[in-house]
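Asker: I'm passing along protein_17.txt; it holds compact mmCIF, C-alpha atoms.
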# COMPACT_ATOMS: atom_id res chain seq x y z
CA MET A 1 0.00 0.00 0.00
CA ALA A 2 2.83 2.37 0.85
CA ARG A 3 4.45 1.72 -2.51
CA ARG A 4 1.23 2.47 -4.38
CA ARG A 5 0.90 5.82 -2.68
CA GLN A 6 4.42 6.79 -3.71
CA GLU A 7 3.75 5.96 -7.33
CA ASP A 8 0.49 7.90 -7.44
CA GLU A 9 1.65 11.13 -5.82
CA GLU A 10 3.66 13.69 -7.84
CA VAL A 11 6.84 14.90 -6.26
CA GLU A 12 6.15 18.33 -4.79
CA LEU A 13 8.93 20.95 -4.66
CA ASN A 14 9.58 22.46 -1.32
CA LEU A 15 9.14 26.16 -2.12
CA ALA A 16 9.43 27.45 1.41
CA PRO A 17 13.14 28.39 1.25
CA ILE A 18 12.63 30.22 -2.06
CA MET A 19 9.69 32.03 -0.53
CA ASN A 20 11.87 33.12 2.35
CA LEU A 21 14.45 34.45 -0.06
CA VAL A 22 11.89 36.35 -2.11
CA MET A 23 10.28 37.77 0.99
CA ILE A 24 13.61 39.23 2.04
CA LEU A 25 14.53 40.52 -1.43
CA ILE A 26 11.27 42.38 -1.97
CA PRO A 27 11.50 44.76 1.01
CA LEU A 28 15.19 45.26 0.27
CA LEU A 29 14.54 46.35 -3.32
CA LEU A 30 11.45 48.30 -2.34
CA LEU A 31 13.54 50.46 -0.02
CA SER A 32 16.07 51.27 -2.70
CA VAL A 33 13.51 52.10 -5.40
CA VAL A 34 13.29 55.79 -6.20
CA PHE A 35 9.77 56.62 -7.22
CA GLU A 36 10.65 60.04 -8.54
CA GLN A 37 11.49 59.72 -12.19
CA MET A 38 14.61 61.55 -13.31
CA GLY A 39 14.68 63.51 -16.54
CA VAL A 40 17.07 65.74 -18.43
CA ILE A 41 16.96 69.02 -20.34
CA ASN A 42 19.27 69.42 -23.31
CA VAL A 43 21.14 72.69 -23.51
CA SER A 44 24.00 74.02 -25.61
CA ALA A 45 27.23 75.39 -24.26
CA PRO A 46 27.40 78.93 -22.95
CA LYS A 47 28.85 81.56 -25.18
CA LEU A 48 30.88 83.97 -23.15
CA SER A 49 30.22 87.06 -25.17
CA VAL A 50 26.76 88.07 -26.19
CA GLY A 51 27.02 90.63 -28.92
CA PRO A 52 27.03 91.16 -32.64
CA ALA A 53 28.45 88.21 -34.51
CA ASN A 54 31.61 88.69 -36.54
CA GLU A 55 30.09 87.43 -39.76
CA GLN A 56 28.50 89.94 -42.05
CA PRO A 57 24.76 89.32 -42.24
CA ASN A 58 23.79 87.77 -45.54
CA PRO A 59 21.06 89.92 -47.13
CA ASP A 60 19.61 86.94 -49.01
CA GLU A 61 19.11 85.02 -45.85
CA GLU A 62 15.83 85.29 -44.06
CA LYS A 63 15.86 87.47 -41.02
CA LYS A 64 16.41 85.51 -37.83
CA LEU A 65 14.71 86.26 -34.55
CA ASN A 66 17.85 85.62 -32.47
CA LEU A 67 15.97 85.82 -29.20
CA THR A 68 17.76 86.25 -25.90
CA ILE A 69 15.95 86.07 -22.57
CA GLY A 70 17.67 87.54 -19.56
CA VAL A 71 16.51 86.63 -16.07
CA SER A 72 17.34 89.08 -13.31
CA VAL A 73 15.91 89.82 -9.89
CA SER A 74 13.76 92.61 -11.35
CA GLY A 75 12.24 90.56 -14.16
CA PHE A 76 12.83 89.33 -17.68
CA SER A 77 14.61 91.31 -20.36
CA LEU A 78 14.13 90.33 -23.97
CA LEU A 79 16.55 90.98 -26.79
CA THR A 80 15.85 90.18 -30.42
CA SER A 81 17.44 91.06 -33.75
CA ASP A 82 15.20 94.15 -33.69
CA GLY A 83 16.86 95.30 -30.50
CA LYS A 84 15.83 95.35 -26.90
CA LEU A 85 12.17 95.07 -26.08
CA SER A 86 10.92 98.14 -24.25
CA PRO A 87 9.11 97.64 -20.93
CA LEU A 88 5.54 96.41 -21.23
CA SER A 89 2.71 98.42 -19.71
CA GLY A 90 2.75 98.43 -15.92
CA CYS A 91 6.49 97.98 -15.76
CA ASP A 92 8.45 101.09 -14.83
CA ASN A 93 11.92 99.57 -14.71
CA PRO A 94 13.73 100.52 -17.94
CA ASP A 95 16.21 97.62 -17.58
CA VAL A 96 13.69 94.86 -18.05
CA ALA A 97 10.78 94.16 -20.41
CA ILE A 98 8.60 92.19 -18.00
CA CYS A 99 8.75 93.23 -14.37
CA THR A 100 8.25 90.94 -11.41
CA LYS A 101 4.86 91.20 -9.76
CA LYS A 102 4.11 94.35 -7.80
CA GLY A 103 5.07 94.41 -4.15
CA LYS A 104 7.49 91.51 -4.47
CA ASP A 105 11.14 92.08 -3.76
CA VAL A 106 12.76 89.06 -5.39
CA ALA A 107 16.27 90.08 -4.32
CA ALA A 108 15.17 90.07 -0.68
CA ILE A 109 13.38 86.73 -1.01
CA LEU A 110 16.43 85.18 -2.68
CA SER A 111 18.77 86.41 0.04
CA GLU A 112 16.40 84.81 2.57
CA VAL A 113 16.59 81.54 0.59
CA LYS A 114 20.34 81.79 0.72
CA SER A 115 20.55 82.46 4.45
CA LEU A 116 18.07 79.68 5.29
CA ARG A 117 19.96 77.17 3.19
CA GLY A 118 23.21 78.47 4.68
CA LYS A 119 21.92 77.63 8.17
CA TYR A 120 21.71 73.98 7.18
CA ASP A 121 25.06 74.10 5.39
CA SER A 122 26.84 75.40 8.48
CA ALA A 123 25.26 72.79 10.79
CA PRO A 124 24.07 69.83 8.78
CA ASN A 125 22.04 67.70 11.19
CA ASP A 126 18.55 66.26 11.21
CA ALA A 127 17.15 69.01 13.38
CA ASN A 128 18.26 71.64 10.87
CA ARG A 129 16.64 69.85 7.94
CA VAL A 130 13.65 72.09 8.53
CA PHE A 131 15.71 74.95 7.04
CA ILE A 132 15.92 73.11 3.72
CA GLN A 133 12.14 72.92 3.66
CA GLN A 134 11.84 76.59 4.57
CA SER A 135 14.31 77.67 1.91
CA ASP A 136 12.39 75.56 -0.65
CA ASP A 137 9.17 77.33 0.31
CA LYS A 138 10.89 80.71 -0.03
CA LEU A 139 12.26 79.69 -3.41
CA GLN A 140 8.74 78.80 -4.50
CA GLU A 141 7.65 82.27 -3.39
CA ALA A 142 10.41 83.79 -5.52
CA ILE A 143 9.30 81.71 -8.52
CA GLU A 144 5.73 82.92 -8.08
CA ALA A 145 6.89 86.54 -7.97
CA TYR A 146 7.85 86.37 -11.64
CA ASP A 147 5.26 87.12 -14.30
CA TRP A 148 5.50 83.88 -16.28
CA ARG A 149 2.18 84.54 -18.02
CA ARG A 150 3.33 87.75 -19.68
CA LEU A 151 6.64 86.16 -20.65
CA TYR A 152 4.69 83.35 -22.33
CA ASN A 153 2.30 85.81 -24.04
CA THR A 154 5.19 87.85 -25.41
CA LEU A 155 6.95 84.75 -26.71
CA ILE A 156 3.87 83.34 -28.37
CA GLU A 157 3.44 86.62 -30.24
CA MET A 158 7.06 86.41 -31.42
CA LYS A 159 6.55 82.81 -32.45
CA GLN A 160 3.69 83.88 -34.71
CA LYS A 161 6.04 86.16 -36.62
CA PHE A 162 8.79 83.53 -36.77
CA PRO A 163 7.01 80.16 -36.84
CA ASP A 164 10.12 78.11 -37.63
CA GLU A 165 12.37 79.66 -35.01
CA LYS A 166 13.08 77.31 -32.11
CA LEU A 167 16.34 78.69 -30.80
CA VAL A 168 16.52 80.81 -27.69
CA ASN A 169 19.50 82.13 -25.78
CA LEU A 170 19.09 82.23 -22.07
CA THR A 171 21.12 84.27 -19.67
CA ALA A 172 20.72 85.32 -16.06
CA SER A 173 22.17 87.52 -13.36
CA PRO A 174 24.91 85.78 -11.38
CA ASN A 175 22.80 85.36 -8.24
CA VAL A 176 19.69 83.90 -9.89
CA PRO A 177 19.23 80.32 -8.62
CA PHE A 178 19.44 77.31 -10.92
CA GLU A 179 15.77 76.46 -10.30
CA MET A 180 14.73 79.71 -11.99
CA ILE A 181 16.69 78.80 -15.13
CA VAL A 182 14.96 75.40 -15.25
CA LYS A 183 11.56 77.04 -14.72
CA THR A 184 12.23 79.51 -17.54
CA MET A 185 13.19 76.67 -19.87
CA ASP A 186 9.99 74.87 -18.89
CA THR A 187 7.90 77.93 -19.69
CA VAL A 188 9.40 78.55 -23.11
CA ARG A 189 9.54 74.90 -24.26
CA TYR A 190 6.00 74.02 -25.30
CA LYS A 191 2.86 75.83 -26.41
CA LEU A 192 -0.16 75.71 -24.15
CA GLU A 193 -3.80 75.10 -25.05
CA SER A 194 -5.31 78.57 -24.93
CA PRO A 195 -8.93 79.78 -25.00
CA ASN A 196 -7.90 82.90 -26.95
CA GLU A 197 -7.51 82.89 -30.70
CA ASN A 198 -3.98 84.28 -30.65
CA GLY A 199 -2.80 81.81 -28.00
CA THR A 200 -2.30 84.27 -25.16
CA PHE A 201 -3.68 84.16 -21.64
CA ASP A 202 -5.65 86.87 -19.82
CA THR A 203 -5.38 85.63 -16.25
CA ASP A 204 -2.76 83.82 -14.21
CA GLU A 205 -5.28 81.20 -13.18
CA LYS A 206 -6.08 80.20 -16.75
CA PHE A 207 -2.36 80.13 -17.50
CA GLN A 208 -1.64 77.82 -14.59
CA LEU A 209 -4.44 75.42 -15.48
CA ALA A 210 -3.71 75.18 -19.21
CA THR A 211 -2.50 71.88 -20.60
CA TYR A 212 0.18 71.47 -23.24
CA LYS A 213 -0.98 71.71 -26.82
CA GLU A 214 -0.98 68.32 -28.50
CA THR A 215 0.42 68.00 -31.98
CA SER A 216 0.89 65.32 -34.57
CA ALA A 217 3.73 67.03 -36.41
CA GLY A 218 7.39 66.45 -35.54
CA ASP A 219 8.98 64.19 -32.95
CA ALA A 220 8.10 66.27 -29.93
CA PRO A 221 5.09 65.17 -27.88
CA TYR A 222 3.68 68.71 -27.81
CA ALA A 223 3.68 71.78 -30.04
CA GLU A 224 7.05 73.42 -29.61
CA LEU A 225 7.59 77.07 -28.77
CA PHE A 226 11.30 77.68 -28.20
CA SER A 227 12.65 74.25 -27.31
CA ASP A 228 16.28 74.68 -28.35
CA VAL A 229 18.02 76.43 -25.47
CA ALA A 230 21.56 77.77 -25.44
CA LEU A 231 22.86 79.21 -22.22
CA ALA A 232 24.84 82.41 -22.43
CA VAL A 233 26.74 84.55 -19.97
CA ALA A 234 26.34 88.27 -20.10
CA ASN A 235 29.48 90.02 -18.94
CA MET B 1 -18.20 -12.28 8.48
CA ALA B 2 -21.21 -10.17 9.33
CA ASP B 3 -19.24 -8.13 11.79
CA ASN B 4 -16.18 -6.68 10.12
CA ASN B 5 -14.68 -5.34 13.26
CA LYS B 6 -14.54 -8.69 14.92
CA PRO B 7 -12.00 -11.06 13.38
CA SER B 8 -12.92 -14.65 13.86
CA GLY B 9 -10.83 -17.74 14.07
CA PHE B 10 -7.91 -16.09 15.87
CA SER B 11 -6.68 -16.44 19.32
CA ASP B 12 -7.34 -13.66 21.78
CA GLU B 13 -3.74 -12.54 21.66
CA GLU B 14 -3.71 -12.30 17.87
CA GLU B 15 -7.12 -10.64 17.90
CA ALA B 16 -5.83 -7.90 20.18
CA ARG B 17 -2.81 -7.32 17.97
CA ILE B 18 -4.93 -7.07 14.81
CA LEU B 19 -7.32 -4.63 16.45
CA ALA B 20 -4.42 -2.48 17.61
CA GLN B 21 -2.97 -2.49 14.09
CA ARG B 22 -6.30 -1.43 12.62
CA ALA B 23 -6.62 1.35 15.13
CA ARG B 24 -3.14 2.63 14.27
CA GLU B 25 -3.95 2.53 10.57
CA ALA B 26 -7.22 4.40 11.01
CA LYS B 27 -5.44 7.06 13.01
CA ARG B 28 -2.81 7.43 10.33
CA ASN B 29 -5.37 7.67 7.54
CA LYS B 30 -7.22 10.33 9.47
CA ARG B 31 -4.01 12.33 9.86
CA LEU B 32 -3.15 12.05 6.17
CA ALA B 33 -6.67 13.08 5.19
CA ARG B 34 -6.50 16.14 7.36
CA ARG B 35 -3.24 17.18 5.73
CA ASP B 36 -4.69 16.78 2.24
CA GLU B 37 -7.70 18.91 3.12
CA GLY B 38 -5.36 21.91 3.47
CA GLY B 39 -5.55 22.53 7.14
CA GLY B 40 -1.76 22.39 7.42
CA GLY B 41 -0.43 22.89 3.89
CA LEU B 42 -1.07 26.26 2.12
CA ASN B 43 -0.95 26.29 -1.68
CA ILE B 44 1.83 28.78 -2.26
CA ASN B 45 2.21 28.38 -6.02
CA SER B 46 0.04 31.37 -6.94
CA MET B 47 1.68 33.48 -4.26
CA MET B 48 5.04 32.47 -5.66
CA ASP B 49 3.95 33.68 -9.13
CA MET B 50 2.92 37.02 -7.69
CA MET B 51 6.15 37.45 -5.78
CA THR B 52 8.23 36.62 -8.84
CA ILE B 53 6.43 39.29 -10.85
CA ILE B 54 7.00 41.90 -8.13
CA LEU B 55 10.63 40.86 -7.87
CA VAL B 56 11.22 41.21 -11.61
CA PHE B 57 9.53 44.62 -11.61
CA LEU B 58 11.65 45.86 -8.72
CA ILE B 59 14.91 44.57 -10.15
CA ASP B 60 14.02 46.25 -13.45
CA SER B 61 13.42 49.64 -11.85
CA TYR B 62 16.49 49.20 -9.66
CA GLY B 63 18.99 49.26 -12.49
CA SER B 64 17.31 51.66 -14.92
CA ASN B 65 18.41 55.03 -13.53
CA PRO B 66 21.75 56.13 -15.00
CA ILE B 67 21.92 59.30 -12.89
CA GLN B 68 23.43 58.72 -9.48
CA VAL B 69 22.74 61.62 -7.15
CA LYS B 70 25.44 61.90 -4.54
CA GLY B 71 25.53 64.39 -1.73
CA GLY B 72 22.52 63.47 0.43
CA ALA B 73 20.82 66.56 1.86
CA ASP B 74 23.39 68.87 0.27
CA ILE B 75 21.60 68.57 -3.04
CA VAL B 76 17.95 69.11 -3.94
CA ILE B 77 17.25 68.62 -7.64
CA PRO B 78 14.90 71.05 -9.40
CA TYR B 79 11.55 69.96 -10.79
CA SER B 80 10.79 70.21 -14.48
CA THR B 81 8.11 69.27 -16.99
CA THR B 82 10.67 67.83 -19.43
CA GLU B 83 9.85 64.63 -21.32
CA LEU B 84 13.41 63.48 -22.01
CA SER B 85 14.93 60.53 -20.18
CA PRO B 86 18.47 60.48 -18.82
CA GLN B 87 21.29 58.70 -20.58
CA ASP B 88 24.46 57.15 -19.31
CA THR B 89 27.02 59.94 -19.79
CA MET B 90 29.76 61.66 -17.88
CA GLN B 91 28.40 63.43 -14.86
CA ILE B 92 29.22 66.62 -12.97
CA THR B 93 27.41 67.12 -9.68
CA ILE B 94 27.21 70.55 -8.04
CA THR B 95 26.09 70.30 -4.42
CA ARG B 96 26.02 73.00 -1.77
CA LYS B 97 29.39 71.74 -0.53
CA SER B 98 31.40 70.56 -3.50
CA ILE B 99 31.71 69.87 -7.19
CA ILE B 100 31.92 66.15 -7.96
CA VAL B 101 33.07 64.61 -11.25
CA GLY B 102 31.90 61.00 -11.48
CA ASP B 103 32.72 59.71 -8.00
CA LYS B 104 35.49 62.12 -7.22
CA THR B 105 35.11 65.31 -5.21
CA VAL B 106 37.11 67.96 -7.04
CA VAL B 107 36.50 71.42 -5.61
CA ALA B 108 34.86 72.72 -2.45
CA VAL B 109 31.90 75.08 -2.81
CA LYS B 110 30.96 77.64 -0.19
CA ASP B 111 27.85 79.84 -0.33
CA GLY B 112 27.42 79.00 -3.99
CA LYS B 113 30.96 80.05 -4.89
CA VAL B 114 34.25 78.37 -5.64
CA ASP B 115 37.14 79.96 -3.82
CA LYS B 116 38.97 82.41 -6.06
CA SER B 117 42.32 80.73 -5.39
CA GLN B 118 41.02 77.82 -7.51
CA LYS B 119 40.29 80.17 -10.40
CA LYS B 120 42.30 82.61 -12.44
CA GLY B 121 41.14 85.57 -10.43
CA GLU B 122 37.79 86.70 -9.06
CA ASN B 123 36.03 87.26 -12.37
CA SER B 124 37.34 84.20 -14.15
CA PHE B 125 35.03 81.40 -15.25
CA TYR B 126 37.85 78.87 -15.37
CA ILE B 127 38.03 76.43 -12.42
CA GLN B 128 41.46 74.84 -12.62
CA PRO B 129 41.02 71.60 -10.56
CA LEU B 130 37.71 70.90 -12.31
CA PHE B 131 39.36 71.35 -15.70
CA ASP B 132 42.20 68.95 -14.78
CA GLN B 133 39.80 66.26 -13.61
CA LEU B 134 37.52 66.71 -16.62
CA THR B 135 40.42 66.46 -19.07
CA GLU B 136 41.43 63.19 -17.45
CA GLU B 137 37.87 61.84 -17.63
CA VAL B 138 37.43 63.00 -21.22
CA SER B 139 40.58 61.22 -22.38
CA ARG B 140 39.42 58.06 -20.60
CA HIS B 141 36.00 58.28 -22.25
CA ARG B 142 37.66 58.96 -25.61
CA GLN B 143 39.68 55.77 -25.27
CA MET B 144 36.61 53.81 -24.29
CA ALA B 145 34.69 55.20 -27.26
CA ALA B 146 37.58 54.37 -29.59
CA LEU B 147 37.65 50.78 -28.33
CA ARG B 148 33.98 50.43 -29.10
CA LYS B 149 34.55 52.11 -32.49
CA LEU B 150 32.28 55.00 -31.57
CA GLU B 151 32.86 58.69 -31.81
CA PHE B 152 33.18 60.58 -28.53
CA ASP B 153 30.10 62.78 -28.35
CA GLY B 154 31.18 65.20 -25.62
CA VAL B 155 27.93 64.97 -23.68
CA VAL B 156 27.91 65.66 -19.97
CA THR B 157 25.04 65.55 -17.48
CA VAL B 158 25.04 68.37 -14.95
CA VAL B 159 23.28 67.57 -11.66
CA ALA B 160 22.92 70.75 -9.63
CA ASP B 161 21.15 71.88 -6.48
CA ARG B 162 18.11 74.17 -6.90
CA THR B 163 19.71 77.08 -5.10
CA ILE B 164 23.07 77.08 -6.88
CA PRO B 165 23.57 80.55 -8.38
CA TYR B 166 23.62 80.83 -12.17
CA ARG B 167 27.16 82.18 -11.99
CA LEU B 168 28.51 78.86 -10.67
CA VAL B 169 26.55 76.82 -13.19
CA ALA B 170 27.98 79.00 -15.96
CA GLU B 171 31.50 78.62 -14.57
CA VAL B 172 31.16 74.83 -14.53
CA MET B 173 29.76 74.82 -18.06
CA TYR B 174 32.48 77.11 -19.33
CA THR B 175 35.21 74.95 -17.77
CA ALA B 176 33.59 71.82 -19.24
CA GLY B 177 33.52 73.59 -22.61
CA GLN B 178 37.27 74.18 -22.32
CA ALA B 179 37.67 70.43 -21.70
CA GLN B 180 35.88 69.77 -25.03
CA LEU B 181 32.53 68.90 -23.56
CA SER B 182 30.07 70.76 -25.73
CA LYS B 183 26.66 69.26 -25.09
CA PHE B 184 24.97 69.54 -21.73
CA LYS B 185 22.07 67.83 -20.08
CA PHE B 186 20.59 69.23 -16.88
CA ALA B 187 19.30 66.54 -14.55
CA VAL B 188 15.86 67.28 -13.12
CA VAL B 189 13.09 65.44 -11.34
CA LYS B 190 10.23 64.86 -13.76
CA PHE B 191 7.11 66.68 -12.66
CA GLY B 192 4.59 66.61 -15.47
CA ARG B 193 2.32 69.45 -16.51
CA ASP B 194 -0.65 67.44 -15.20
CA ALA B 195 0.90 67.30 -11.74
CA GLU B 196 1.60 71.03 -11.91
CA ILE B 197 -2.01 71.77 -12.82
CA MET B 198 -3.20 69.58 -9.96
CA LYS B 199 -0.97 71.48 -7.55
CA ALA B 200 -2.29 74.82 -8.81
CA THR B 201 -5.88 73.60 -8.50
CA GLN B 202 -5.34 72.54 -4.90
CA LYS B 203 -3.70 75.83 -4.10
CA ASN B 204 -6.46 77.90 -5.69
CA GLY B 205 -9.12 75.79 -3.97
CA GLY B 206 -7.41 76.21 -0.61
CA GLY B 207 -7.07 79.97 -1.13
CA GLY B 208 -10.75 80.34 -2.07
CA GLY B 209 -12.10 78.25 0.82
Before we go any further, please render this structure as structure tokens.

Answerer:
Amino acid sequence: MARRRQEDEEVELNLAPIMNLVMILIPLLLLSVVFEQMGVINVSAPKLSVGPANEQPNPDEEKKLNLTIGVSVSGFSLLTSDGKLSPLSGCDNPDVAICTKKGKDVAAILSEVKSLRGKYDSAPNDANRVFIQQSDDKLQEAIEAYDWRRLYNTLIEMKQKFPDEKLVNLTASPNVPFEMIVKTMDTVRYKLESPNENGTFDTDEKFQLATYKETSAGDAPYAELFSDVALAVAN
Amino acid sequence: MADNNKPSGFSDEEEARILAQRAREAKRNKRLARRDEGGGGLNINSMMDMMTIILVFLIDSYGSNPIQVKGGADIVIPYSTTELSPQDTMQITITRKSIIVGDKTVVAVKDGKVDKSQKKGENSFYIQPLFDQLTEEVSRHRQMAALRKLEFDGVVTVVADRTIPYRLVAEVMYTAGQAQLSKFKFAVVKFGRDAEIMKATQKNGGGGG
């Protein structure tokens, strides 16, 4: 009888040790998984001197936009082949085209960011981690002080005159944080879905809630505005 | 024969032995039956399948990120709506404390500045130790590319903290340009437009209510 039972039954693998192994591996890998997806932004090398090129302009060639955006603590300045853009309405600073929002002192906010972050740098311990959070919040405040909507509106109007132009030079004051550069590149990269016929936005809220404009043309997932960024350094 | 439990034609001694044997057998059968019913043994095959799938998924996501962020709390990467994925290239990391090329710490950074003794004067963009290290790395990558019969593309990924001033980023890029690295990729944390809109909606809702 014992022999018959052995013949009938299939040999069962003992999976318990493998289970143990898997049960240990899963939490281990789960801890090391980074759920934030990393990405990259392509940029070209900085040109040290921003100024007239040495080559003589070819009269046969179509006129280029040659757009340069400058980010400073007082706002955005815009330079094209037609010269410097004069300040838009409501902006009384002659140095920039688009002022920061009224009542916001970006320079002061940025120096606060710097001092908060410096507090952690000088004493890096867990208790001081709160300063990193605070400096991040301040940095967010500085980002919100800029008038991204008007920058976008101005660029979309330029794009209508030069539909094939994708190149933009980007420069900034020495003390402008890296995050602001990234944010500027984000703003100028793709077109947004706009309720207005000419693609502009009337209110900040509509601008914030707009989705990217889908397109079937080209390789890019969305309709491109100025997606080819070259960093420059203004001396 | 009518009574199965009572063997006939045996002596009392043998009868007792047979009855004891039957009792043992019945007990054993009962035990085996209980085990087969599943009271003791769990069917772990399906669970095993599930675990294997999770394991494969985790191992896959474990090795897929070519950007290694070093520096712990000294570096907070900016958010961006970019769609491009990172590639395995040379890497320069700018933290609050130092500039790192690959795995090697090259220059100390303080308050978003490199000490002017490391540069050719206060207004220079050229960071000497960074240039030396980059030149070494570039020649190594050139050799590796030549062995694989590829052309060296001069791409470098720059991983920088959010609060690093533009001046330092430009200095690093200029120095890298001197070391024949001409194409740059800024490492960011992907934060899609949808997520941004959601954040704005929450904020506006909170402000209104």

Asker: Pick out the chain A residues within 7 Å of chain B. Count all atoms listed in the file. Give them as a PyMOL selection string.

Answerer: chain A and resi 19+22+26+29-30+33+36-46+118+172-179+182-183+186+208-209+211+233

Asker: Kindly provide, as a PyMOL selection string, the polymer residues lying within 12 Å of (7.5, 95.6, -6.8), counting only C-alpha atoms and using the coordinates exactly as they appear in the file.

Answerer: chain A and resi 73-75+90-93+98-108+145-147

Asker: If you measure from atom CA of B:Lys120 to atom CA of B:Ile94, what distance in Å do you get, rounded to one decimal?

Answerer: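 Separation between atom CA of B:Lys120 and atom CA of B:Ile94: 19.8 Å.
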
Asker: Give me, please, the distance in Å between atom CA of A:Phe201 and atom CA of A:Arg149, quoted to one decimal.

Answerer: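 Atom-to-atom, atom CA of A:Phe201 to atom CA of A:Arg149, that is 6.9 Å.
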
Asker: Which one of A:Ser122, A:Thr171, A:Thr203, A:Gln134 sits closest to A:Tyr152 if you count all atoms listed in the file?

Answerer: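 Ranked by minimum distance to A:Tyr152, first place goes to A:Thr203.
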
Asker: Take atom CA of A:Lys64 and atom CA of A:Ile181 and report the distance between them in Å, one decimal.

Answerer: 23.7 Å

Asker: Which one is closest to B:Lys119: B:Thr105, B:Gly71, B:Ile92, B:Thr175? Count only C-alpha atoms.

Answerer: B:Thr175
